[in-house]
Amino acid sequence: MEPDAAVAVLDALGTVTGWSEGARLLTGHPAGDVVGRPAADLLAAGLSDDPLRARSGTVTLRHRDGHRIELAVSACPVTDADGTPAGYIVTADPPGPTLGAQAFEQASMSMSVFDLQQRYLRVNAAACKVMGVSEAALAGRYFADTVGDADYHQGFLRHLREVAETGRPVRYEAFAGAPTINREHLWSIEMWPLRTGSGELTGVGIAAFDNTEQYWARRRLALLNEASTRIGTTLDVVRTAEELIELLVPRYADFASIDLLDWVLGAEEPPAPPDGGVEVRRVAHGSTRAGNPGAALSIGETHVYQPTLPPARALRQGHAVVRRAGDPEFVEWLGERNARSPQGSPYREGAHSMIAVPLRARGTTLGVAVCVRMAHPDDYGPDDAVFAEELASRAAVCVDNARRFARERSTALALQHSLLPRGLPGQAAVEVAHRYLPCGSLAGIGGDWFDVIPLSGGRVALVVGDVVGHGIQSSATMGRLRTAVRTLADVDLPPDELLTHLDDLVTHLAADGSGEDVAELGATCLYAVYDPISRHLCVAGAGHPPPAVIMPDGTVELLPMTAGPPLGVGGLPFEATERELPAGSVVALFTDGLIGYRDRDPDGAAEELLRAFGTPADSLEALCDDVLKALLPDQPCDDVALLLARTRALGADHVATWDVPPDPAQVAVVRQAATEQLITWGLAEASFVTELVVSELVTNAIRYGEPPIQLRLIRDRALICEVSDASSTSPHLRRAHAYDEGGRGLLLVAQLTQRWGSRQTGAGKSIWAEQPLPDV
């Protein structure tokens with residue numbers, strides 16, 4: 001007889017004298033409520049036949065909760081020692097399984113029933129499969145006796161008691177393993193009280209759903225969402241790879257590495273895919289173990305993956321390759337890796353799964369990521385491969401963006417440096433020092449520039465400009481504007497007129513579509529001309545910050561000037577400001593990146609600027625460094641161009657001037673005066689050429705110009721001869737024919753001197769010619 005069989009013992013009068021546990025479970029009536037009562041009280045209906053006499057039959061009982069139970073029973077008579085009938089032992093055949101019992105038994109989730117003392121009453125097939133034992137081995141046993149002392153089991157028992165004591169359901173999640181499961185699973189567990197029809201608590205029902213796959217799917221989705229914010233925070237290839245490692249370790253892998261193809265870190269275009277091994281360069285790796293013992297390569301080291309290894313397959317095939325312990329390729333990869341690494345021992349024990357996934361962006365393979373699991377109990381599977389490919393594709397786009405940015409930045413920087421002056425020309429008017437710093441922001445190289453342009457008469461032009469915007473387009477536009485400024489400066493235009501012509505040029509560029517960025521964002525420029533003879537500084541600006549002037553006594557001020565519109569606006573005038581400076585003054589021209597005029601309070605920025613320029617320094621070079629250190633952060637958000645010029649003066653001992661009457665007879669007189677001046681300066685060797693130049697230029701001024709006429713000799717780094725008159729008509733060089741009586745004078749001047757030209761003045765024009773000084 002089964003230990004939980006439903007058995008009742010009746011005396012000869014039909015009174016219940018014995019009641020088994022199985023009878024209680026079947027009818028819900030405990031023994032205390034039944035023993036001593038007539039058995040007929042348990043019947044739900046009268047008997048059509050007497051099963052006690054027939055020894056078997058069917059009876060209908062009423063369950064304690066009120067529902068009817070139809071049972072097939074068997075009666076076995078009991079006699080005394082003298083053979084007198086003493087009663088019956090009645091057993092109930094177990095009823096056929098109900099639909100609910102079938103659902104319990106066949107449920108795919110683990111289900112079980114406990115009594116109020118935490119003993120097993122029922123366990124379905126799914127629970128038996130997870131625990132690796134039969135229902136019979138668990139029936140009636142106390143839960144704590146069937147499991148270890150793990151935290152999960154302690155928590156399970158605590159919740160089981162809570163439901164039994166309070167009658168309130170409990171729902172929670174917990175990680176746990178089982179004898180038939182080699183890794184921990186996430187279980188969603190629900191416990192609820194079991195009650196009779198009258199509400200009496202009789203047991204606890206439990207259902208446990210294996211939610212592991214859904215849990216890891218949520219974790220993978222959370223990692224992908226996190227990747228969108230944590231990867232690609234900088235446009236730096238190596239830092240982007242490091243961010244991917246930080247995301248993978250330790251949540252997805254115990255060790256991970258990022259290897260990139262060598263061309264990704266340079267400026268070359270991607271080469272054709274190799275047929276054999278693939279050479280890569282390690283840029284980042286990470287491990288859950290201190291000291292990165294799993295790294296077979298050092299950062300920056302190159303290695304060739306053989307064609308049969310999983311990383312090389314991933315690079316060639318363009319999708320993730322998963323290998324587990326026991327796979328031939330896994331064994332080959334692990335052996336090759338351990339042989340290559342002096343610290344290979346951590347991989348020799350415990351590495352059980354790896355995945356290699358290519359980094360592909362915009363149809364181009366950039367490198368490969370390798371993830372290895374050692375302490376992590378789960379092998380990589382198909383879902384992990386899908387996740388790895390999605391994560392790698394997102395990271396690869398960030399790597400490719402960083403690569404493209406680095407390439408564009410290097411191109412723009414090379415273009416910028418090629419367009420900026422490499423060496424400033426020697427001249428006596430000013431001593432100069434300069435700095436150019438490209439910005440370190442993600443926006444890229446901007447369009448700041450500066451220049452120093454020698455002019456006629458010993459004068460010099462100082463220029464700074466800024467094309468608003470960043471990138472190659474801004475650098476190219478800067479080059480065009482700088483070339484235009486040099487061309488216009490060669491015509492010797494005053495600053496305000498030069499900016500007017502430059503503004504027209506920008507407007508024309510925008511009109512024909514070639515300068516679209518200039519039209520949208522604009523450009524600024526500051527143009528200044530310093531004359532060392534008069535010591536006058538003439539400045540005009542187009543939307544640019546005014547220059548700072550540092551006097552010889554150390555006082556600093558921003559030069560008051562009328563601010564003109566930025567270039568490209570068109571239709572508005574530019575005004576020049578003229579200022580006489582003592583020799584030794586420093587003129588500071590700069591772009592707004594120096595103090596961020598667009599983002600800061602102008603008054604506060606100006607005060608900070610003046611304090612920086614007022615700091616004593618041993619030289620202009622030192623002053624440049626001090627100003628940049630005082631005003632700029634470690635990573636400037638905009639390009640900075642700074643040009644410092646210390647003024648010099650040419651005194652009377654370097655300049656000789658003669659007023660020339662408009663009489664051809666005076667040509668010989670001034671020629672002789674010029675020769676005597678050269679002898680005084682110790683330049684007698686230059687007298688022959690100078691006499692010819694003076695004769696031709698003075699003769700032309702008398703013949704074709706208008707009085708007053710003036711001759712001026714300037715001894716600078718070159719010997720300059722200037723003849724000015726009141727006529728605005730400028731001469732031009734032409735080739736004289738055989739029978740022409742004139743036209744050969746300027747040709748002769750051009751052949752004998754280093755350079756010559758003419759410029760318009762407020763009173764007319766000036767023709768000048770320069771010749772190198774002889775070695776003295």
# chains A, B, ... in the order shown; residues from 1 in each chain; ligands from 1
>>> residues_around(residues="Ala126 in chain A", least_positions_apart="3", cutoff="7 Å", atoms="only C-alpha atoms", output="tab-separated table (two decimals) with C-alpha atoms, in the first residue's frame")
chain	number	residue	atom	x	y	z
A	107	ALA	CA	3.29	22.75	-17.27
A	108	SER	CA	6.55	23.91	-18.89
A	109	MET	CA	7.49	25.97	-15.84
A	110	SER	CA	8.61	24.45	-12.57
A	129	LYS	CA	13.80	17.72	-14.40
A	130	VAL	CA	15.49	20.86	-13.10
>>> residues_around(residues="range 708-713 of chain A", least_positions_apart="4", cutoff="8 Å", atoms="only C-alpha atoms", output="list in words")
Val655, Ala656, Thr657, Trp658, Asp659, Val660, Pro661, Pro662, Ala674, Val698, Ala701, Ile702, Leu719, Ile720, Cys721, Glu722, Val723, Ser724, Asp725 and Ala726 of chain A
>>> write_last_selection(atoms="C-alpha atoms", output="CSV table (one decimal), in the first residue's frame")
chain,number,residue,atom,x,y,z
A,655,VAL,CA,66.6,109.9,-45.2
A,656,ALA,CA,67.6,112.8,-47.6
A,657,THR,CA,65.0,114.9,-49.3
A,658,TRP,CA,65.2,117.6,-52.1
A,659,ASP,CA,62.5,119.8,-53.6
A,660,VAL,CA,63.0,119.8,-57.4
A,661,PRO,CA,62.0,122.9,-59.5
A,662,PRO,CA,60.2,121.9,-62.7
A,674,ALA,CA,72.2,112.4,-54.7
A,698,VAL,CA,63.2,113.2,-62.1
A,701,ALA,CA,58.3,113.9,-63.3
A,702,ILE,CA,59.4,117.2,-64.8
A,719,LEU,CA,68.6,101.9,-51.1
A,720,ILE,CA,65.3,103.5,-52.1
A,721,CYS,CA,64.9,106.3,-54.5
A,722,GLU,CA,61.5,108.0,-54.6
A,723,VAL,CA,60.3,110.8,-56.8
A,724,SER,CA,56.8,112.3,-56.1
A,725,ASP,CA,54.7,114.9,-57.9
A,726,ALA,CA,51.2,116.2,-57.9
>>> closest_residue(among="A:Leu223, A:Ala433, A:Leu773, A:Leu678", to="Leu623 in chain A", atoms="only C-alpha atoms")
A:Ala433
>>> closest_residue(among="A:Ala641, A:Ala361, A:Met131, A:Val539", to="Arg403 in chain A", atoms="only C-alpha atoms")
A:Ala361
>>> atom_distance(atom1="CA of Ala510 in chain A", atom2="CA of Ala540 in chain A")
22.7 Å
>>> select_by_dssp(residues="range 94-161 of chain A", states="helix (DSSP H, G or I)", output="number ranges by chain")
A: 99-106, 125-131, 135-138, 143-146, 151-161
>>> write_last_selection(atoms="C-alpha atoms", output="PDB file, in the first residue's frame")
ATOM      1  CA  LEU A  99      -7.814  18.617 -16.146  1.00  0.00           C
ATOM      2  CA  GLY A 100      -6.247  20.857 -13.510  1.00  0.00           C
ATOM      3  CA  ALA A 101      -3.972  18.062 -12.318  1.00  0.00           C
ATOM      4  CA  GLN A 102      -2.909  17.396 -15.902  1.00  0.00           C
ATOM      5  CA  ALA A 103      -2.145  21.080 -16.424  1.00  0.00           C
ATOM      6  CA  PHE A 104      -0.056  21.116 -13.231  1.00  0.00           C
ATOM      7  CA  GLU A 105       1.869  18.028 -14.220  1.00  0.00           C
ATOM      8  CA  GLN A 106       2.502  19.055 -17.843  1.00  0.00           C
ATOM      9  CA  ALA A 125       7.688  17.049 -14.160  1.00  0.00           C
ATOM     10  CA  ALA A 126       9.440  20.329 -15.090  1.00  0.00           C
ATOM     11  CA  ALA A 127      10.577  20.855 -11.479  1.00  0.00           C
ATOM     12  CA  CYS A 128      11.755  17.254 -11.218  1.00  0.00           C
ATOM     13  CA  LYS A 129      13.802  17.715 -14.404  1.00  0.00           C
ATOM     14  CA  VAL A 130      15.489  20.860 -13.097  1.00  0.00           C
ATOM     15  CA  MET A 131      16.290  19.282  -9.719  1.00  0.00           C
ATOM     16  CA  GLU A 135       8.599  13.379  -7.114  1.00  0.00           C
ATOM     17  CA  ALA A 136       8.631  10.339  -4.856  1.00  0.00           C
ATOM     18  CA  ALA A 137      12.113  11.271  -3.613  1.00  0.00           C
ATOM     19  CA  LEU A 138      10.850  14.712  -2.532  1.00  0.00           C
ATOM     20  CA  PHE A 143      12.683  21.793   1.797  1.00  0.00           C
ATOM     21  CA  ALA A 144      15.889  22.699   3.654  1.00  0.00           C
ATOM     22  CA  ASP A 145      16.855  19.033   3.787  1.00  0.00           C
ATOM     23  CA  THR A 146      16.850  18.716   0.003  1.00  0.00           C
ATOM     24  CA  ASP A 151      21.874  32.320  -0.375  1.00  0.00           C
ATOM     25  CA  TYR A 152      19.271  31.596  -3.027  1.00  0.00           C
ATOM     26  CA  HIS A 153      17.904  28.628  -1.060  1.00  0.00           C
ATOM     27  CA  GLN A 154      17.873  30.602   2.179  1.00  0.00           C
ATOM     28  CA  GLY A 155      15.906  33.335   0.463  1.00  0.00           C
ATOM     29  CA  PHE A 156      13.530  30.780  -1.059  1.00  0.00           C
ATOM     30  CA  LEU A 157      12.847  29.220   2.354  1.00  0.00           C
ATOM     31  CA  ARG A 158      12.361  32.653   3.923  1.00  0.00           C
ATOM     32  CA  HIS A 159       9.732  33.608   1.330  1.00  0.00           C
ATOM     33  CA  LEU A 160       8.074  30.188   1.662  1.00  0.00           C
ATOM     34  CA  ARG A 161       7.655  30.669   5.397  1.00  0.00           C
TER      35      ARG A 161
END
>>> closest_residue(among="A:Gly57, A:Gly363, A:Ala314, A:Ala375", to="Ser287 in chain A", atoms="only C-alpha atoms")
A:Ala375
>>> select_by_dssp(residues="range 293-350 of chain A", states="strand (DSSP E or B)", output="ChimeraX atom specification")
/A:302-305,321-324
>>> write_last_selection(atoms="C-alpha atoms", output="PDB file, in the first residue's frame")
ATOM      1  CA  THR A 302      51.582  44.832 -34.503  1.00  0.00           C
ATOM      2  CA  HIS A 303      50.747  41.188 -35.174  1.00  0.00           C
ATOM      3  CA  VAL A 304      49.700  39.027 -38.120  1.00  0.00           C
ATOM      4  CA  TYR A 305      46.601  36.841 -37.658  1.00  0.00           C
ATOM      5  CA  VAL A 321      32.952  34.155 -35.423  1.00  0.00           C
ATOM      6  CA  VAL A 322      32.183  32.210 -32.233  1.00  0.00           C
ATOM      7  CA  ARG A 323      34.401  29.371 -31.027  1.00  0.00           C
ATOM      8  CA  ARG A 324      34.196  27.284 -27.835  1.00  0.00           C
TER       9      ARG A 324
END
>>> residues_around(residues="range 256-259 of chain A", least_positions_apart="2", cutoff="10 Å", atoms="only C-alpha atoms", output="PyMOL selection string")
chain A and resi 238+241-242+244-250+252-254+261-262+279-288+292+294-297+299-303+311+354-359+366-373
>>> closest_residue(among="A:Pro772, A:Gly584, A:Pro193, A:Gly277", to="Pro532 in chain A", atoms="only C-alpha atoms")
A:Gly584
>>> residues_around(residues="range 8-21 of chain A", least_positions_apart="6", cutoff="8 Å", atoms="only C-alpha atoms", output="PyMOL selection string")
chain A and resi 30-31+34-40+85-91
>>> residues_around(residues="Gly571 in chain A", least_positions_apart="6", cutoff="12 Å", atoms="only C-alpha atoms", output="list in words")
Thr500, His501, Asp503, Asp504, Thr507, Gly564 and Pro565 of chain A
>>> residues_around(residues="Val430 in chain A", least_positions_apart="4", cutoff="7 Å", atoms="only C-alpha atoms", output="PDB file with C-alpha atoms, in the first residue's frame")
ATOM      1  CA  ALA A 645      55.503  94.216 -33.893  1.00  0.00           C
ATOM      2  CA  ARG A 646      57.939  96.547 -32.097  1.00  0.00           C
ATOM      3  CA  THR A 647      58.264  99.770 -34.066  1.00  0.00           C
ATOM      4  CA  ARG A 648      61.521 101.323 -35.189  1.00  0.00           C
TER       5      ARG A 648
END
